[in-house]
$ cat run-v2.pdb   # PDB, C-alpha atoms
ATOM      1  CA  MET G   1       0.000   0.000   0.000
ATOM      2  CA  THR G   2       1.124   3.523  -0.681
ATOM      3  CA  GLY G   3       1.601   6.084   2.053
ATOM      4  CA  TYR G   4       3.426   9.275   3.010
ATOM      5  CA  GLY G   5       4.198  11.079   6.245
ATOM      6  CA  ARG G   6       6.379  14.041   7.199
ATOM      7  CA  ALA G   7       7.496  15.639  10.465
ATOM      8  CA  VAL G   8      10.061  18.183  11.649
ATOM      9  CA  ALA G   9      11.968  18.342  14.941
ATOM     10  CA  GLY G  10      14.715  20.476  16.477
ATOM     11  CA  VAL G  11      17.876  18.685  17.616
ATOM     12  CA  GLU G  12      20.632  20.707  19.305
ATOM     13  CA  GLY G  13      20.175  23.734  17.076
ATOM     14  CA  PHE G  14      19.565  21.691  13.936
ATOM     15  CA  THR G  15      16.318  21.188  12.056
ATOM     16  CA  VAL G  16      15.625  17.527  11.321
ATOM     17  CA  THR G  17      13.017  16.738   8.646
ATOM     18  CA  VAL G  18      11.787  13.141   8.468
ATOM     19  CA  GLN G  19       9.840  11.863   5.457
ATOM     20  CA  VAL G  20       8.366   8.356   5.233
ATOM     21  CA  SER G  21       6.987   7.026   1.950
ATOM     22  CA  SER G  22       6.031   3.627   0.588
ATOM     23  CA  VAL G  23       4.899   1.842  -2.550
ATOM     24  CA  ASN G  24       3.382  -1.606  -2.951
ATOM     25  CA  ARG G  25       5.460  -4.660  -2.105
ATOM     26  CA  LYS G  26       4.453  -8.104  -0.777
ATOM     27  CA  SER G  27       7.014  -8.004   2.034
ATOM     28  CA  LEU G  28       8.582  -5.176   4.010
ATOM     29  CA  ASP G  29      11.557  -3.662   2.176
ATOM     30  CA  LEU G  30      12.985  -0.810   4.249
ATOM     31  CA  THR G  31      15.618   1.700   3.142
ATOM     32  CA  VAL G  32      16.895   4.622   5.225
ATOM     33  CA  SER G  33      18.770   7.720   4.115
ATOM     34  CA  LEU G  34      20.355   9.545   7.057
ATOM     35  CA  PRO G  35      23.623  11.306   8.019
ATOM     36  CA  GLU G  36      26.668   9.107   8.470
ATOM     37  CA  GLU G  37      26.974  10.131  12.124
ATOM     38  CA  TRP G  38      23.566   8.592  12.868
ATOM     39  CA  GLU G  39      23.840   5.337  10.902
ATOM     40  CA  SER G  40      23.999   3.327  14.141
ATOM     41  CA  LEU G  41      20.329   4.261  14.706
ATOM     42  CA  GLU G  42      19.091   2.513  11.559
ATOM     43  CA  SER G  43      18.169  -0.769  13.275
ATOM     44  CA  GLN G  44      16.204   1.062  15.996
ATOM     45  CA  MET G  45      14.386   3.021  13.312
ATOM     46  CA  GLY G  46      13.576  -0.238  11.548
ATOM     47  CA  GLU G  47      11.996  -1.636  14.714
ATOM     48  CA  LEU G  48       9.837   1.475  14.999
ATOM     49  CA  VAL G  49       8.735   1.234  11.369
ATOM     50  CA  ARG G  50       7.661  -2.396  11.865
ATOM     51  CA  ARG G  51       5.125  -1.241  14.461
ATOM     52  CA  PHE G  52       3.341   0.662  11.700
ATOM     53  CA  ALA G  53       3.971  -1.455   8.578
ATOM     54  CA  THR G  54       4.625  -5.102   7.728
ATOM     55  CA  ARG G  55       4.458  -4.754   3.936
ATOM     56  CA  GLY G  56       5.588  -2.307   1.291
ATOM     57  CA  LYS G  57       8.779  -0.779  -0.034
ATOM     58  CA  VAL G  58       9.241   1.834   2.687
ATOM     59  CA  HIS G  59      11.811   4.616   2.414
ATOM     60  CA  ILE G  60      12.795   6.960   5.226
ATOM     61  CA  ASP G  61      14.610  10.147   4.321
ATOM     62  CA  ILE G  62      16.191  12.270   7.056
ATOM     63  CA  ASP G  63      17.385  15.739   6.143
ATOM     64  CA  VAL G  64      19.389  17.892   8.569
ATOM     65  CA  SER G  65      19.819  21.625   8.206
ATOM     66  CA  GLY G  66      21.232  24.310  10.530
ATOM     67  CA  ASP G  67      19.407  27.429  11.653
ATOM     68  CA  LYS G  68      20.776  30.987  11.142
ATOM     69  CA  THR G  69      22.842  30.922  14.344
ATOM     70  CA  VAL G  70      24.527  27.690  13.429
ATOM     71  CA  THR G  71      25.318  28.980   9.927
ATOM     72  CA  GLU G  72      26.945  32.127  11.300
ATOM     73  CA  LEU G  73      28.977  30.188  13.836
ATOM     74  CA  ALA G  74      30.271  27.973  11.055
ATOM     75  CA  TRP G  75      32.428  30.805   9.657
ATOM     76  CA  ASP G  76      36.065  30.716  10.815
ATOM     77  CA  GLU G  77      36.812  34.456  10.636
ATOM     78  CA  GLU G  78      40.372  34.146  11.984
ATOM     79  CA  ALA G  79      41.323  31.577   9.375
ATOM     80  CA  ALA G  80      39.724  33.631   6.586
ATOM     81  CA  THR G  81      41.577  36.789   7.726
ATOM     82  CA  ALA G  82      44.892  34.917   7.888
ATOM     83  CA  ALA G  83      44.360  33.557   4.363
ATOM     84  CA  LEU G  84      43.573  37.067   3.096
ATOM     85  CA  ASP G  85      46.734  38.465   4.757
ATOM     86  CA  ARG G  86      48.868  35.793   3.125
ATOM     87  CA  LEU G  87      47.422  36.632  -0.277
ATOM     88  CA  GLN G  88      48.141  40.330   0.293
ATOM     89  CA  MET G  89      51.751  39.595   1.297
ATOM     90  CA  PHE G  90      52.209  37.379  -1.749
ATOM     91  CA  ALA G  91      50.813  40.090  -4.042
ATOM     92  CA  ALA G  92      53.156  42.679  -2.507
ATOM     93  CA  LYS G  93      56.112  40.365  -2.960
ATOM     94  CA  GLU G  94      55.250  39.886  -6.618
ATOM     95  CA  ASN G  95      54.548  43.599  -7.134
ATOM     96  CA  ILE G  96      50.887  42.928  -7.914
ATOM     97  CA  GLU G  97      48.195  45.393  -6.983
ATOM     98  CA  PHE G  98      45.893  43.661  -4.524
ATOM     99  CA  ARG G  99      42.260  44.754  -4.349
ATOM    100  CA  PRO G 100      40.069  42.008  -2.819
ATOM    101  CA  SER G 101      36.625  41.706  -4.391
ATOM    102  CA  ALA G 102      33.442  40.469  -2.753
ATOM    103  CA  ASP G 103      33.678  37.294  -4.821
ATOM    104  CA  LEU G 104      37.242  36.643  -3.580
ATOM    105  CA  LEU G 105      36.202  37.188   0.038
ATOM    106  CA  TRP G 106      33.326  34.728  -0.429
ATOM    107  CA  GLN G 107      35.647  32.079  -1.859
ATOM    108  CA  ILE G 108      38.181  32.515   0.963
ATOM    109  CA  ALA G 109      35.477  32.432   3.635
ATOM    110  CA  ASN G 110      33.965  29.263   2.200
ATOM    111  CA  ALA G 111      37.369  27.611   1.949
ATOM    112  CA  GLN G 112      38.078  28.387   5.610
ATOM    113  CA  ARG G 113      34.625  27.541   6.896
ATOM    114  CA  ARG G 114      34.554  25.395  10.019
ATOM    115  CA  VAL G 115      32.841  22.042   9.751
ATOM    116  CA  VAL G 116      29.798  21.937  11.988
ATOM    117  CA  LYS G 117      29.550  18.591  13.715
ATOM    118  CA  LEU G 118      26.177  16.987  14.213
ATOM    119  CA  PRO G 119      25.116  15.816  17.659
ATOM    120  CA  THR G 120      25.991  12.227  18.489
ATOM    121  CA  ALA G 121      23.484   9.490  17.700
ATOM    122  CA  GLU G 122      22.635   9.142  21.404
ATOM    123  CA  VAL G 123      21.920  12.864  21.747
ATOM    124  CA  ALA G 124      19.932  13.020  18.492
ATOM    125  CA  TRP G 125      17.806   9.932  19.089
ATOM    126  CA  PRO G 126      15.043  11.409  21.336
ATOM    127  CA  GLY G 127      14.254  14.213  18.871
ATOM    128  CA  LEU G 128      14.677  11.920  15.898
ATOM    129  CA  VAL G 129      12.367   9.218  17.281
ATOM    130  CA  ALA G 130       9.723  11.843  18.065
ATOM    131  CA  ALA G 131       9.807  13.163  14.497
ATOM    132  CA  LEU G 132       9.878   9.660  13.013
ATOM    133  CA  THR G 133       6.915   8.567  15.137
ATOM    134  CA  GLU G 134       4.892  11.596  14.042
ATOM    135  CA  ALA G 135       5.765  10.983  10.390
ATOM    136  CA  LEU G 136       4.827   7.300  10.735
ATOM    137  CA  ARG G 137       1.455   8.226  12.213
ATOM    138  CA  GLY G 138       0.692  10.383   9.186
ATOM    139  CA  PHE G 139       2.010   7.622   6.946
ATOM    140  CA  ALA G 140      -0.216   5.022   8.652
ATOM    141  CA  ALA G 141      -3.271   7.298   8.451
ATOM    142  CA  MET G 142      -2.838   7.649   4.697
ATOM    143  CA  ARG G 143      -2.466   3.880   4.287
ATOM    144  CA  ALA G 144      -5.547   3.317   6.469
ATOM    145  CA  LYS G 145      -7.596   5.590   4.228
ATOM    146  CA  GLU G 146      -6.470   3.625   1.187
ATOM    147  CA  GLY G 147      -7.293   0.429   3.072
ATOM    148  CA  GLU G 148     -10.889   1.587   3.590
ATOM    149  CA  SER G 149     -11.295   2.051  -0.156
ATOM    150  CA  LEU G 150      -9.782  -1.361  -0.808
ATOM    151  CA  LEU G 151     -12.124  -2.953   1.729
ATOM    152  CA  VAL G 152     -15.174  -1.663  -0.152
ATOM    153  CA  ASP G 153     -13.687  -2.984  -3.403
ATOM    154  CA  PHE G 154     -12.908  -6.411  -1.870
ATOM    155  CA  ILE G 155     -16.437  -6.783  -0.514
ATOM    156  CA  ARG G 156     -17.896  -5.878  -3.917
ATOM    157  CA  ARG G 157     -15.622  -8.322  -5.733
ATOM    158  CA  GLY G 158     -16.347 -11.028  -3.153
ATOM    159  CA  GLU G 159     -20.041 -10.626  -3.831
ATOM    160  CA  SER G 160     -19.341 -10.906  -7.563
ATOM    161  CA  LEU G 161     -17.415 -14.139  -7.021
ATOM    162  CA  HIS G 162     -20.244 -15.506  -4.893
ATOM    163  CA  ARG G 163     -22.843 -14.711  -7.572
ATOM    164  CA  LEU G 164     -20.800 -16.530 -10.207
ATOM    165  CA  VAL G 165     -20.517 -19.611  -7.998
ATOM    166  CA  GLU G 166     -24.240 -19.597  -7.265
ATOM    167  CA  GLY G 167     -24.831 -19.420 -11.018
ATOM    168  CA  ILE G 168     -22.688 -22.533 -11.415
ATOM    169  CA  ALA G 169     -24.587 -24.231  -8.584
ATOM    170  CA  THR G 170     -27.862 -23.562 -10.428
ATOM    171  CA  ARG G 171     -26.487 -24.784 -13.743
ATOM    172  CA  ALA G 172     -24.651 -27.915 -12.511
ATOM    173  CA  PRO G 173     -27.725 -30.195 -11.966
ATOM    174  CA  GLN G 174     -28.784 -29.602 -15.582
ATOM    175  CA  VAL G 175     -25.495 -30.874 -17.024
ATOM    176  CA  PRO G 176     -26.191 -34.679 -16.746
ATOM    177  CA  ALA G 177     -29.651 -34.229 -18.284
ATOM    178  CA  ASN G 178     -28.174 -32.255 -21.168
ATOM    179  CA  TYR G 179     -25.537 -34.926 -21.638
ATOM    180  CA  ARG G 180     -28.217 -37.626 -21.735
ATOM    181  CA  GLU G 181     -30.062 -35.801 -24.487
ATOM    182  CA  GLN G 182     -26.836 -35.273 -26.459
ATOM    183  CA  LEU G 183     -25.889 -38.934 -26.021
ATOM    184  CA  MET G 184     -29.242 -40.198 -27.281
ATOM    185  CA  ARG G 185     -29.161 -37.798 -30.227
ATOM    186  CA  ARG G 186     -25.711 -38.993 -31.266
ATOM    187  CA  LEU G 187     -26.814 -42.617 -30.973
ATOM    188  CA  ARG G 188     -29.840 -41.959 -33.189
ATOM    189  CA  GLU G 189     -27.694 -40.075 -35.698
ATOM    190  CA  ALA G 190     -25.385 -43.074 -35.759
ATOM    191  CA  GLY G 191     -28.333 -45.386 -36.446
ATOM    192  CA  LEU G 192     -28.184 -47.023 -33.010
ATOM    193  CA  GLU G 193     -31.618 -47.205 -31.489
ATOM    194  CA  LEU G 194     -31.154 -47.813 -27.783
ATOM    195  CA  ASP G 195     -33.786 -47.467 -25.152
ATOM    196  CA  LEU G 196     -33.199 -44.758 -22.538
ATOM    197  CA  ASN G 197     -33.535 -47.427 -19.885
ATOM    198  CA  ASP G 198     -30.855 -49.587 -21.480
ATOM    199  CA  GLU G 199     -28.319 -50.584 -18.834
ATOM    200  CA  ARG G 200     -25.388 -49.384 -20.965
ATOM    201  CA  VAL G 201     -26.974 -45.946 -21.447
ATOM    202  CA  LEU G 202     -27.802 -45.640 -17.761
ATOM    203  CA  ARG G 203     -24.260 -46.663 -16.767
ATOM    204  CA  GLU G 204     -22.709 -44.096 -19.143
ATOM    205  CA  ILE G 205     -24.955 -41.324 -17.860
ATOM    206  CA  ALA G 206     -24.272 -42.282 -14.242
ATOM    207  CA  LEU G 207     -20.493 -42.238 -14.821
ATOM    208  CA  PHE G 208     -20.729 -38.862 -16.523
ATOM    209  CA  ALA G 209     -22.878 -37.439 -13.722
ATOM    210  CA  ASP G 210     -20.317 -38.602 -11.169
ATOM    211  CA  ARG G 211     -17.382 -37.143 -13.114
ATOM    212  CA  CYS G 212     -18.997 -33.736 -13.527
ATOM    213  CA  ASP G 213     -20.447 -33.462 -10.020
ATOM    214  CA  VAL G 214     -19.143 -30.197  -8.490
ATOM    215  CA  SER G 215     -21.390 -30.092  -5.422
ATOM    216  CA  GLU G 216     -18.477 -30.631  -3.004
ATOM    217  CA  GLU G 217     -16.440 -27.863  -4.627
ATOM    218  CA  ILE G 218     -19.384 -25.465  -4.431
ATOM    219  CA  THR G 219     -19.934 -26.281  -0.747
ATOM    220  CA  ARG G 220     -16.272 -25.574   0.017
ATOM    221  CA  LEU G 221     -16.368 -22.357  -2.024
ATOM    222  CA  ARG G 222     -19.354 -21.095  -0.038
ATOM    223  CA  SER G 223     -17.419 -21.769   3.139
ATOM    224  CA  HIS G 224     -14.349 -19.961   1.789
ATOM    225  CA  PHE G 225     -16.451 -16.929   0.851
ATOM    226  CA  GLU G 226     -17.884 -16.773   4.374
ATOM    227  CA  GLN G 227     -14.357 -16.913   5.831
ATOM    228  CA  PHE G 228     -13.139 -14.248   3.406
ATOM    229  CA  THR G 229     -15.980 -11.864   4.269
ATOM    230  CA  ALA G 230     -15.503 -12.409   8.009
ATOM    231  CA  LEU G 231     -11.759 -11.784   7.671
ATOM    232  CA  LEU G 232     -12.306  -8.502   5.824
ATOM    233  CA  LYS G 233     -14.501  -7.272   8.675
ATOM    234  CA  SER G 234     -12.108  -8.404  11.414
ATOM    235  CA  ASP G 235      -9.360  -6.468  13.149
ATOM    236  CA  GLY G 236      -5.659  -7.223  12.796
ATOM    237  CA  GLU G 237      -3.681  -8.636   9.902
ATOM    238  CA  ILE G 238      -5.700  -9.493   6.813
ATOM    239  CA  GLY G 239      -3.291  -9.760   3.883
ATOM    240  CA  ARG G 240      -1.549 -13.105   4.337
ATOM    241  CA  LYS G 241      -4.617 -14.871   5.733
ATOM    242  CA  ALA G 242      -6.703 -13.601   2.833
ATOM    243  CA  GLU G 243      -4.070 -14.754   0.350
ATOM    244  CA  PHE G 244      -4.355 -18.294   1.735
ATOM    245  CA  ILE G 245      -8.166 -18.263   1.438
ATOM    246  CA  LEU G 246      -7.922 -16.910  -2.115
ATOM    247  CA  GLN G 247      -5.463 -19.665  -2.961
ATOM    248  CA  GLU G 248      -7.968 -22.273  -1.749
ATOM    249  CA  ILE G 249     -10.757 -20.593  -3.728
ATOM    250  CA  GLY G 250      -8.545 -20.809  -6.803
ATOM    251  CA  ARG G 251      -8.043 -24.563  -6.275
ATOM    252  CA  GLU G 252     -11.772 -25.207  -6.122
ATOM    253  CA  VAL G 253     -12.446 -23.048  -9.185
ATOM    254  CA  ASN G 254      -9.798 -24.939 -11.172
ATOM    255  CA  THR G 255     -11.359 -28.256 -10.146
ATOM    256  CA  ILE G 256     -14.810 -27.101 -11.263
ATOM    257  CA  GLY G 257     -13.326 -26.000 -14.594
ATOM    258  CA  SER G 258     -11.805 -29.435 -15.181
ATOM    259  CA  LYS G 259     -14.919 -31.384 -14.119
ATOM    260  CA  ALA G 260     -17.881 -29.377 -15.377
ATOM    261  CA  ASN G 261     -17.861 -30.335 -19.088
ATOM    262  CA  ASP G 262     -20.378 -27.578 -19.845
ATOM    263  CA  VAL G 263     -19.955 -24.430 -21.925
ATOM    264  CA  THR G 264     -21.997 -22.212 -19.612
ATOM    265  CA  ILE G 265     -20.066 -23.327 -16.533
ATOM    266  CA  ALA G 266     -16.764 -23.011 -18.412
ATOM    267  CA  ARG G 267     -17.548 -19.361 -19.162
ATOM    268  CA  ALA G 268     -18.427 -18.728 -15.519
ATOM    269  CA  VAL G 269     -15.130 -20.338 -14.480
ATOM    270  CA  ILE G 270     -13.209 -17.992 -16.780
ATOM    271  CA  GLU G 271     -14.963 -14.985 -15.221
ATOM    272  CA  LEU G 272     -14.232 -16.377 -11.758
ATOM    273  CA  LYS G 273     -10.533 -16.728 -12.530
ATOM    274  CA  ASN G 274     -10.297 -13.214 -13.952
ATOM    275  CA  GLU G 275     -12.044 -11.658 -10.952
ATOM    276  CA  LEU G 276     -10.033 -13.772  -8.533
ATOM    277  CA  GLU G 277      -6.776 -12.627 -10.110
ATOM    278  CA  ARG G 278      -7.781  -8.995  -9.665
ATOM    279  CA  VAL G 279      -8.491  -9.608  -5.991
ATOM    280  CA  ARG G 280      -5.161 -11.404  -5.551
ATOM    281  CA  GLU G 281      -3.220  -8.542  -7.121
ATOM    282  CA  GLN G 282      -4.795  -6.035  -4.762
ATOM    283  CA  MET G 283      -4.570  -8.281  -1.711
ATOM    284  CA  ALA G 284      -0.829  -8.754  -2.212
ATOM    285  CA  ASN G 285      -0.388  -5.193  -0.950
ATOM    286  CA  VAL G 286      -2.671  -5.361   2.084
ATOM    287  CA  GLU G 287      -1.375  -5.957   5.600
TER
END
$ encode --input "run-v2.pdb" --output "structure tokens"
Amino acid sequence: MTGYGRAVAGVEGFTVTVQVSSVNRKSLDLTVSLPEEWESLESQMGELVRRFATRGKVHIDIDVSGDKTVTELAWDEEAATAALDRLQMFAAKENIEFRPSADLLWQIANAQRRVVKLPTAEVAWPGLVAALTEALRGFAAMRAKEGESLLVDFIRRGESLHRLVEGIATRAPQVPANYREQLMRRLREAGLELDLNDERVLREIALFADRCDVSEEITRLRSHFEQFTALLKSDGEIGRKAEFILQEIGREVNTIGSKANDVTIARAVIELKNELERVREQMANVE
């Protein structure tokens, strides 16, 4: 499922911006982009993320910037002045007129700028975890909203699957009778006049009826649909449990397709498989 969350926190004079985003993925694939000084915190951040997400390609981006005071303190004025004096002495030695420009002063100041060190990981962690938690809450809220939309879609598709199965259940008892009529017609066309009560005809029809009987599969499918609907309305993890139920539904549908020996049922099976595949694709992203 897709999601996004953002939060900002102050850490020892620095502004820390945390962004959490995700795209669909069957398992949890976590990547973190953060300053080198704080890399030791990555595993702790991963544990926190797992409280909010168990699936998806989740990326955490942590950006650190200094406020105005920190930027001003970063200038090493003494070093910049010393560098400027050395340039002036060198110009005098070489008999070169020396008139520093604003651009030259900027280059010297940047070259002599002090490196501002970030707080240690231990010092940064309380502010960082607060910002990350806030960002994850926003991230989870967005995913929950998407989940509500998916739930409506799953219920609608589940009802569609159920209607198709009930259509098969209505059609299935007619299949042996249709076969009997087709069998007798072919026998007559072949010039073989056999009585409908002939033992050989009855045995053939009985064998066919047994081979194409899908009553057990339909009973199991009805049970699977009840479990699927109950799971969608339950609390807690849905994704992996639903995937198992959908897998079992697929098995029963395949069995009906191989046993039915009827054009109308075969078409319903194709529709069932198509709809089932759509549900599976969506469910692969649900937690």
$ closest_residue --input "run-v2.pdb" --among "G:Ala83, G:Ala124, G:Ala284, G:Ala172" --to "Glu12 of chain G" --atoms "only C-alpha atoms"
G:Ala124
$ axis_aligned_box --input "run-v2.pdb" --around "segment 232-245 of chain G" --padding-each-side "8 Å" --output "JSON"
{"center_x": -8.0, "center_y": -12.4, "center_z": 6.7, "size_x": 29.0, "size_y": 27.8, "size_z": 28.8}
$ closest_residue --input "run-v2.pdb" --among "G:Glu159, G:Glu78, G:Glu37, G:Glu148" --to "Val123 of chain G" --atoms "only C-alpha atoms"
G:Glu37
$ resolve_selection --input "run-v2.pdb" --expression "the PyMOL selection byres ((chain G and resi 58) around 10)" --output "PyMOL selection string"
chain G and resi 1-4+20-25+28-32+49+53-57+59-60
$ residues_around --input "run-v2.pdb" --residues "His162 of chain G" --least-positions-apart "2" --cutoff "12 Å" --atoms "all atoms listed in the file" --output "ChimeraX atom specification"
/G:155-160,164-169,218-226,228-229,249,253,268-269,271-272,275-276
$ atom_distance --input "run-v2.pdb" --atom1 "atom CA of Asp63 of chain G" --atom2 "atom CA of Asn110 of chain G"
21.8 Å
$ resolve_selection --input "run-v2.pdb" --expression "the PyMOL selection byres ((chain G and resi 280) around 12)" --output "list in words"
Lys26, Phe154, Arg157, Gly158, Gly239, Arg240, Lys241, Ala242, Glu243, Phe244, Ile245, Leu246, Gln247, Glu248, Ile249, Gly250, Lys273, Asn274, Glu275, Leu276, Glu277, Arg278, Val279, Glu281, Gln282, Met283, Ala284, Asn285 and Val286 of chain G
$ write_last_selection --input "run-v2.pdb" --atoms "C-alpha atoms" --output "short mmCIF file (atom, residue, chain, number, x, y, z; two decimals), keeping the file's coordinate frame"
data_model
loop_
_atom_site.label_atom_id
_atom_site.label_comp_id
_atom_site.auth_asym_id
_atom_site.auth_seq_id
_atom_site.Cartn_x
_atom_site.Cartn_y
_atom_site.Cartn_z
CA LYS G 26 4.45 -8.10 -0.78
CA PHE G 154 -12.91 -6.41 -1.87
CA ARG G 157 -15.62 -8.32 -5.73
CA GLY G 158 -16.35 -11.03 -3.15
CA GLY G 239 -3.29 -9.76 3.88
CA ARG G 240 -1.55 -13.10 4.34
CA LYS G 241 -4.62 -14.87 5.73
CA ALA G 242 -6.70 -13.60 2.83
CA GLU G 243 -4.07 -14.75 0.35
CA PHE G 244 -4.36 -18.29 1.74
CA ILE G 245 -8.17 -18.26 1.44
CA LEU G 246 -7.92 -16.91 -2.12
CA GLN G 247 -5.46 -19.66 -2.96
CA GLU G 248 -7.97 -22.27 -1.75
CA ILE G 249 -10.76 -20.59 -3.73
CA GLY G 250 -8.54 -20.81 -6.80
CA LYS G 273 -10.53 -16.73 -12.53
CA ASN G 274 -10.30 -13.21 -13.95
CA GLU G 275 -12.04 -11.66 -10.95
CA LEU G 276 -10.03 -13.77 -8.53
CA GLU G 277 -6.78 -12.63 -10.11
CA ARG G 278 -7.78 -8.99 -9.66
CA VAL G 279 -8.49 -9.61 -5.99
CA GLU G 281 -3.22 -8.54 -7.12
CA GLN G 282 -4.80 -6.04 -4.76
CA MET G 283 -4.57 -8.28 -1.71
CA ALA G 284 -0.83 -8.75 -2.21
CA ASN G 285 -0.39 -5.19 -0.95
CA VAL G 286 -2.67 -5.36 2.08
#
$ resolve_selection --input "run-v2.pdb" --expression "the PyMOL selection byres ((chain G and resi 141) around 12)" --output "list of chain:residue names"
G:Met1, G:Thr2, G:Gly3, G:Tyr4, G:Gly5, G:Arg6, G:Phe52, G:Ala53, G:Glu134, G:Ala135, G:Leu136, G:Arg137, G:Gly138, G:Phe139, G:Ala140, G:Met142, G:Arg143, G:Ala144, G:Lys145, G:Glu146, G:Gly147, G:Glu148
$ atom_distance --input "run-v2.pdb" --atom1 "atom CA of Gly66 of chain G" --atom2 "atom CA of Ala7 of chain G"
16.2 Å
$ atom_distance --input "run-v2.pdb" --atom1 "atom CA of Asp213 of chain G" --atom2 "atom CA of Asp262 of chain G"
11.5 Å
